[in-house]
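What follows is the content of my_file-v2.cif, which has mmCIF, C-alpha atoms:
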```
data_input
loop_
_atom_site.label_atom_id
_atom_site.label_comp_id
_atom_site.auth_asym_id
_atom_site.auth_seq_id
_atom_site.Cartn_x
_atom_site.Cartn_y
_atom_site.Cartn_z
CA MET A 1 5.19 -60.02 -20.81
CA PHE A 2 7.47 -57.72 -18.81
CA GLU A 3 6.20 -54.75 -20.82
CA GLY A 4 2.60 -55.75 -20.02
CA ILE A 5 3.34 -55.84 -16.30
CA ARG A 6 4.89 -52.38 -16.48
CA GLN A 7 1.84 -51.15 -18.42
CA ASN A 8 -0.57 -52.57 -15.80
CA ILE A 9 1.38 -50.95 -12.97
CA GLY A 10 1.39 -47.65 -14.87
CA GLU A 11 -2.37 -47.82 -15.40
CA HIS A 12 -2.80 -48.50 -11.67
CA PHE A 13 -0.78 -45.38 -10.78
CA LEU A 14 -2.66 -43.36 -13.40
CA LYS A 15 -5.99 -44.41 -11.89
CA LYS A 16 -4.79 -43.26 -8.46
CA GLU A 17 -3.62 -39.96 -9.94
CA VAL A 18 -7.00 -39.33 -11.59
CA GLU A 19 -9.01 -40.33 -8.50
CA GLY A 20 -7.01 -37.96 -6.30
CA LYS A 21 -7.60 -34.87 -8.47
CA ARG A 22 -10.33 -32.35 -7.79
CA ARG A 23 -10.55 -29.29 -10.01
CA ALA A 24 -13.02 -26.50 -10.55
CA VAL A 25 -14.01 -26.82 -14.22
CA VAL A 26 -14.41 -23.51 -16.04
CA ALA A 27 -15.52 -23.49 -19.67
CA LYS A 28 -14.61 -20.24 -21.40
CA ASN A 29 -15.72 -19.07 -24.81
CA PHE A 30 -13.04 -19.03 -27.52
CA ASN A 31 -12.88 -15.22 -27.38
CA ASP A 32 -12.08 -15.26 -23.65
CA ILE A 33 -9.31 -17.88 -23.72
CA GLN A 34 -5.84 -16.57 -22.85
CA LYS A 35 -3.79 -19.79 -22.50
CA ILE A 36 -4.07 -23.12 -24.30
CA GLY A 37 -2.11 -26.31 -23.73
CA ILE A 38 -1.93 -29.07 -26.32
CA VAL A 39 -0.98 -32.70 -25.69
CA PHE A 40 -0.11 -34.88 -28.67
CA ASN A 41 1.90 -37.82 -29.92
CA VAL A 42 4.01 -37.81 -33.05
CA LYS A 43 4.30 -40.72 -35.43
CA ASP A 44 5.69 -38.84 -38.40
CA GLU A 45 6.58 -35.42 -39.75
CA ASP A 46 3.02 -34.83 -41.02
CA ASP A 47 1.63 -35.13 -37.47
CA PHE A 48 4.20 -32.62 -36.32
CA LYS A 49 3.32 -30.17 -39.11
CA ARG A 50 -0.38 -30.36 -38.19
CA ILE A 51 0.41 -29.53 -34.57
CA LYS A 52 2.57 -26.57 -35.61
CA GLN A 53 -0.28 -25.32 -37.83
CA TYR A 54 -2.72 -25.69 -34.92
CA ILE A 55 -0.47 -23.64 -32.66
CA SER A 56 -0.19 -20.99 -35.41
CA PHE A 57 -3.98 -20.96 -35.80
CA PHE A 58 -4.49 -20.16 -32.11
CA LYS A 59 -1.84 -17.45 -32.17
CA GLU A 60 -3.44 -15.86 -35.24
CA GLU A 61 -6.78 -15.93 -33.40
CA GLY A 62 -5.25 -13.88 -30.58
CA ILE A 63 -4.59 -16.53 -27.95
CA LYS A 64 -1.74 -15.08 -25.88
CA LYS A 65 -0.01 -18.29 -24.84
CA VAL A 66 -0.08 -21.64 -26.63
CA THR A 67 2.15 -24.41 -25.30
CA ALA A 68 2.33 -27.98 -26.55
CA ILE A 69 4.02 -31.13 -25.34
CA GLY A 70 4.30 -34.23 -27.46
CA TYR A 71 5.45 -37.80 -27.15
CA TYR A 72 7.55 -39.71 -29.64
CA ASN A 73 7.56 -43.49 -29.07
CA GLY A 74 11.26 -44.02 -29.65
CA LYS A 75 14.59 -43.56 -27.93
CA ILE A 76 15.95 -40.88 -30.23
CA ILE A 77 13.82 -37.92 -31.24
CA PRO A 78 13.90 -37.35 -35.05
CA HIS A 79 15.60 -34.30 -36.51
CA TYR A 80 12.33 -32.47 -37.24
CA LEU A 81 11.24 -32.57 -33.58
CA ARG A 82 13.30 -29.83 -32.02
CA PRO A 83 12.02 -28.06 -28.89
CA THR A 84 11.01 -24.40 -29.11
CA LEU A 85 9.53 -21.95 -26.62
CA GLU A 86 6.05 -23.33 -27.28
CA LEU A 87 6.85 -26.96 -28.14
CA ASN A 88 8.48 -29.67 -26.05
CA PHE A 89 8.90 -33.37 -26.69
CA LEU A 90 9.27 -36.56 -24.69
CA ASP A 91 10.61 -39.90 -25.72
CA LYS A 92 11.10 -43.26 -24.03
CA LYS A 93 14.17 -42.14 -22.10
CA ASP A 94 12.06 -39.48 -20.34
CA LEU A 95 9.80 -42.10 -18.73
CA ASN A 96 10.14 -43.89 -15.43
CA TRP A 97 9.72 -47.62 -14.96
CA TYR A 98 5.92 -47.55 -15.27
CA PHE A 99 5.81 -45.07 -18.19
CA MET A 100 5.21 -41.89 -16.20
CA PRO A 101 7.09 -38.90 -17.68
CA ALA A 102 9.63 -37.56 -15.23
CA THR A 103 11.13 -34.34 -16.62
CA HIS A 104 11.22 -30.70 -15.63
CA GLU A 105 9.39 -29.80 -18.87
CA VAL A 106 6.46 -32.04 -17.92
CA SER A 107 6.28 -30.56 -14.43
CA THR A 108 6.30 -27.03 -15.84
CA PHE A 109 3.62 -27.91 -18.40
CA CYS A 110 1.39 -29.59 -15.80
CA ASP A 111 1.74 -26.66 -13.38
CA SER A 112 0.70 -24.16 -16.06
CA ASP A 113 -2.70 -22.62 -15.50
CA PHE A 114 -4.22 -23.27 -18.93
CA ASP A 115 -7.74 -22.09 -19.69
CA VAL A 116 -8.04 -25.12 -22.00
CA LEU A 117 -5.99 -28.27 -22.42
CA ILE A 118 -6.60 -30.07 -25.72
CA ASP A 119 -5.59 -33.69 -26.13
CA VAL A 120 -5.18 -34.40 -29.84
CA LEU A 121 -3.85 -37.92 -29.27
CA LYS A 122 -5.40 -40.30 -31.76
CA ASP A 123 -4.22 -43.41 -29.95
CA ASP A 124 -4.00 -44.26 -26.28
CA CYS A 125 -0.63 -43.19 -24.92
CA LEU A 126 -0.02 -43.93 -21.24
CA PRO A 127 2.79 -41.37 -20.78
CA MET A 128 0.58 -38.57 -22.10
CA LYS A 129 -2.37 -39.74 -20.00
CA PHE A 130 -0.17 -39.03 -16.97
CA VAL A 131 0.41 -35.52 -18.31
CA LEU A 132 -3.35 -35.05 -18.75
CA ALA A 133 -4.10 -36.36 -15.27
CA LYS A 134 -1.53 -34.10 -13.60
CA ALA A 135 -2.33 -30.93 -15.58
CA LYS A 136 -4.07 -28.11 -13.73
CA SER A 137 -6.06 -26.90 -16.70
CA ARG A 138 -9.51 -25.41 -16.13
CA LEU A 139 -11.03 -27.38 -19.03
CA LYS A 140 -9.71 -30.60 -20.56
CA ILE A 141 -10.89 -31.66 -24.00
CA GLY A 142 -10.27 -34.99 -25.73
CA ARG A 143 -11.70 -37.68 -27.99
CA PHE A 144 -14.66 -39.64 -26.69
CA SER A 145 -13.63 -42.88 -25.06
CA GLU A 146 -15.40 -44.81 -22.31
CA GLU A 147 -12.13 -45.61 -20.57
CA ASN A 148 -10.87 -42.01 -20.56
CA GLN A 149 -13.96 -40.26 -19.21
CA ALA A 150 -12.24 -39.37 -15.95
CA LEU A 151 -9.49 -37.48 -17.82
CA TYR A 152 -11.70 -35.04 -19.73
CA ASP A 153 -14.34 -32.43 -18.99
CA LEU A 154 -15.50 -32.30 -22.61
CA MET A 155 -15.26 -35.26 -24.96
CA ILE A 156 -15.77 -35.06 -28.71
CA ASP A 157 -16.92 -38.06 -30.68
CA ALA A 158 -14.18 -38.34 -33.28
CA ASN A 159 -13.32 -42.01 -33.48
CA GLU A 160 -10.23 -43.55 -35.09
CA THR A 161 -11.69 -43.15 -38.57
CA LYS A 162 -11.66 -39.35 -38.21
CA ASP A 163 -8.33 -37.66 -38.76
CA MET A 164 -6.59 -35.12 -36.53
CA ASN A 165 -7.83 -32.17 -38.63
CA TYR A 166 -11.47 -33.19 -38.16
CA PHE A 167 -10.99 -33.43 -34.41
CA MET A 168 -9.29 -30.01 -34.25
CA GLU A 169 -12.12 -28.44 -36.26
CA GLN A 170 -14.65 -29.91 -33.82
CA VAL A 171 -12.70 -28.59 -30.82
CA ASN A 172 -12.65 -25.11 -32.35
CA HIS A 173 -16.38 -25.32 -33.09
CA TYR A 174 -17.29 -26.26 -29.51
CA LEU A 175 -14.97 -23.68 -27.98
CA ARG A 176 -16.76 -21.02 -30.02
CA ILE A 177 -20.23 -22.05 -28.81
CA LEU A 178 -19.35 -22.67 -25.14
CA ASN A 179 -20.55 -19.79 -22.95
CA LYS A 180 -21.24 -17.70 -26.01
CA PRO A 181 -22.30 -14.19 -24.99
CA LYS A 182 -25.92 -13.35 -25.70
CA VAL A 183 -26.49 -10.83 -28.49
CA ASN A 184 -27.77 -8.10 -26.13
CA GLU A 185 -24.69 -8.50 -23.86
CA GLN A 186 -22.23 -7.52 -26.58
#
```

Let me see the file written as structure tokens.
Amino acid sequence: MFEGIRQNIGEHFLKKEVEGKRRAVVAKNFNDIQKIGIVFNVKDEDDFKRIKQYISFFKEEGIKKVTAIGYYNGKIIPHYLRPTLELNFLDKKDLNWYFMPATHEVSTFCDSDFDVLIDVLKDDCLPMKFVLAKAKSRLKIGRFSEENQALYDLMIDANETKDMNYFMEQVNHYLRILNKPKVNEQ
């Protein structure tokens, strides 16, 4: 019961955060993207490995800066989740009373001027919704969901039955066709 009250209060503050944001949305083609942010949650080591592979993919494709922040729903972060220059993690102790992350790493991430912010969360995660709402990204991409429409500029229909890899492939596909240069412009 107490947890439900905290959740409702958090959702109220999230709604206010989303309503107060006005951004100029800019959709760049994959070839023009310089900085990408990734938001994710980690349930196990396999999730973490997929995220690391996704970061490596973008770097191999020539994206200059790829930064990711993830949430682990526990009090102690597992041994395989160690922060690096491009990866940071949150856990329950990094949240305030109504589940809003309150760390320097979150502030830095949200203040970053990403060309694209990709939410690869498979499940609803209130702490990471706060990160999405506060982020200053030019384009925010996430899974289609009626309740999360205000958080994203581009939503991809990849329901719970589709795995993280399918969603990432779809994101890559749409980034490649957005604002694609015409043949005679090349």

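Among the candidates A:Leu90, A:Leu81, A:Tyr174, A:Asp157, the residue lying nearest to Lys49 (chain A) is A:Leu81 (atoms considered: only C-alpha atoms).
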
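Closest to Pro127 (chain A) among A:Met100, A:Ile5, A:Ile63, A:Ile76 is A:Met100, based on all atoms listed in the file.
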
*Skip Leu85 (chain A) itself and residues of its chain fewer than 3 positions away, then list as a PyMOL selection string all residues within 12 Å of it, counting all atoms listed in the file.*
chain A and resi 55+65-69+82+88-89+105+109

_Long-range neighbours of region 165-168 of chain A as a count of residues only, 12 Å cut-off, all atoms listed in the file, 5 positions minimum in chain_ = 30

*Translate the PyMOL selection byres ((chain A and resi 134) around 12), as applied to the file shown, into an explicit residue set as an MDAnalysis selection string.*
chainID A and resid 13:23 100:102 106:113 117 127:133 135:137 140 151:152

Evaluate the PyMOL selection byres ((chain A and resi 98) around 9) and record the selected residues as a PDB file with C-alpha atoms, in the coordinates of the input, following the chain and residue labels used in the document.
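Wrote it out as expr-v5.pdb, contents follow:
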```pdb
ATOM      1  CA  ILE A   5       3.340 -55.840 -16.300  1.00  0.00           C
ATOM      2  CA  ARG A   6       4.890 -52.380 -16.480  1.00  0.00           C
ATOM      3  CA  GLN A   7       1.840 -51.150 -18.420  1.00  0.00           C
ATOM      4  CA  ASN A   8      -0.570 -52.570 -15.800  1.00  0.00           C
ATOM      5  CA  ILE A   9       1.380 -50.950 -12.970  1.00  0.00           C
ATOM      6  CA  GLY A  10       1.390 -47.650 -14.870  1.00  0.00           C
ATOM      7  CA  GLU A  11      -2.370 -47.820 -15.400  1.00  0.00           C
ATOM      8  CA  PHE A  13      -0.780 -45.380 -10.780  1.00  0.00           C
ATOM      9  CA  LEU A  95       9.800 -42.100 -18.730  1.00  0.00           C
ATOM     10  CA  ASN A  96      10.140 -43.890 -15.430  1.00  0.00           C
ATOM     11  CA  TRP A  97       9.720 -47.620 -14.960  1.00  0.00           C
ATOM     12  CA  PHE A  99       5.810 -45.070 -18.190  1.00  0.00           C
ATOM     13  CA  MET A 100       5.210 -41.890 -16.200  1.00  0.00           C
ATOM     14  CA  PRO A 127       2.790 -41.370 -20.780  1.00  0.00           C
TER      15      PRO A 127
END
```

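From CA of Ile33 (chain A) back to CA of Leu87 (chain A), the distance works out to 19.1 Å.
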
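Across the structure, CA of Gly74 (chain A) and CA of Cys125 (chain A) are spaced 12.8 Å apart.
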
Give me region 95-115 of chain A from this structure - N, CA and C atoms, as a short mmCIF file (atom, residue, chain, number, x, y, z; two decimals), in the first residue's frame.
```cif
data_model
loop_
_atom_site.label_atom_id
_atom_site.label_comp_id
_atom_site.auth_asym_id
_atom_site.auth_seq_id
_atom_site.Cartn_x
_atom_site.Cartn_y
_atom_site.Cartn_z
N LEU A 95 17.38 6.76 -5.65
CA LEU A 95 16.07 7.35 -5.89
C LEU A 95 15.59 8.12 -4.67
N ASN A 96 14.79 9.17 -4.94
CA ASN A 96 14.19 9.88 -3.82
C ASN A 96 12.90 9.16 -3.39
N TRP A 97 12.16 9.78 -2.55
CA TRP A 97 10.99 9.16 -1.95
C TRP A 97 9.96 8.72 -2.98
N TYR A 98 9.80 9.49 -4.06
CA TYR A 98 8.80 9.15 -5.08
C TYR A 98 9.44 8.61 -6.36
N PHE A 99 10.59 7.94 -6.20
CA PHE A 99 11.26 7.18 -7.26
C PHE A 99 11.96 8.01 -8.33
N MET A 100 12.16 9.30 -8.08
CA MET A 100 12.90 10.11 -9.03
C MET A 100 14.40 9.96 -8.75
N PRO A 101 15.20 9.64 -9.78
CA PRO A 101 16.64 9.53 -9.58
C PRO A 101 17.23 10.89 -9.18
N ALA A 102 18.12 10.86 -8.22
CA ALA A 102 18.69 12.11 -7.72
C ALA A 102 20.20 11.96 -7.57
N THR A 103 20.90 11.83 -8.72
CA THR A 103 22.35 11.71 -8.68
C THR A 103 22.98 12.68 -9.68
N HIS A 104 24.25 12.94 -9.48
CA HIS A 104 24.99 13.79 -10.41
C HIS A 104 25.04 13.16 -11.80
N GLU A 105 25.19 11.84 -11.86
CA GLU A 105 25.26 11.14 -13.14
C GLU A 105 23.98 11.33 -13.96
N VAL A 106 22.84 11.30 -13.27
CA VAL A 106 21.57 11.51 -13.97
C VAL A 106 21.48 12.94 -14.49
N SER A 107 21.86 13.90 -13.67
CA SER A 107 21.84 15.30 -14.10
C SER A 107 22.73 15.51 -15.32
N THR A 108 23.93 14.95 -15.27
CA THR A 108 24.85 15.08 -16.40
C THR A 108 24.27 14.44 -17.66
N PHE A 109 23.71 13.25 -17.52
CA PHE A 109 23.10 12.56 -18.66
C PHE A 109 21.96 13.39 -19.24
N CYS A 110 21.08 13.87 -18.39
CA CYS A 110 19.90 14.63 -18.85
C CYS A 110 20.29 15.96 -19.50
N ASP A 111 21.39 16.55 -19.06
CA ASP A 111 21.84 17.82 -19.63
C ASP A 111 22.62 17.64 -20.92
N SER A 112 22.96 16.41 -21.27
CA SER A 112 23.69 16.15 -22.51
C SER A 112 22.81 16.45 -23.70
N ASP A 113 23.42 16.98 -24.73
CA ASP A 113 22.69 17.38 -25.93
C ASP A 113 22.75 16.26 -26.96
N PHE A 114 22.01 15.17 -26.69
CA PHE A 114 22.01 14.03 -27.60
C PHE A 114 21.22 14.34 -28.86
N ASP A 115 21.71 13.84 -29.99
CA ASP A 115 20.94 13.92 -31.23
C ASP A 115 19.75 12.97 -31.12
#
```
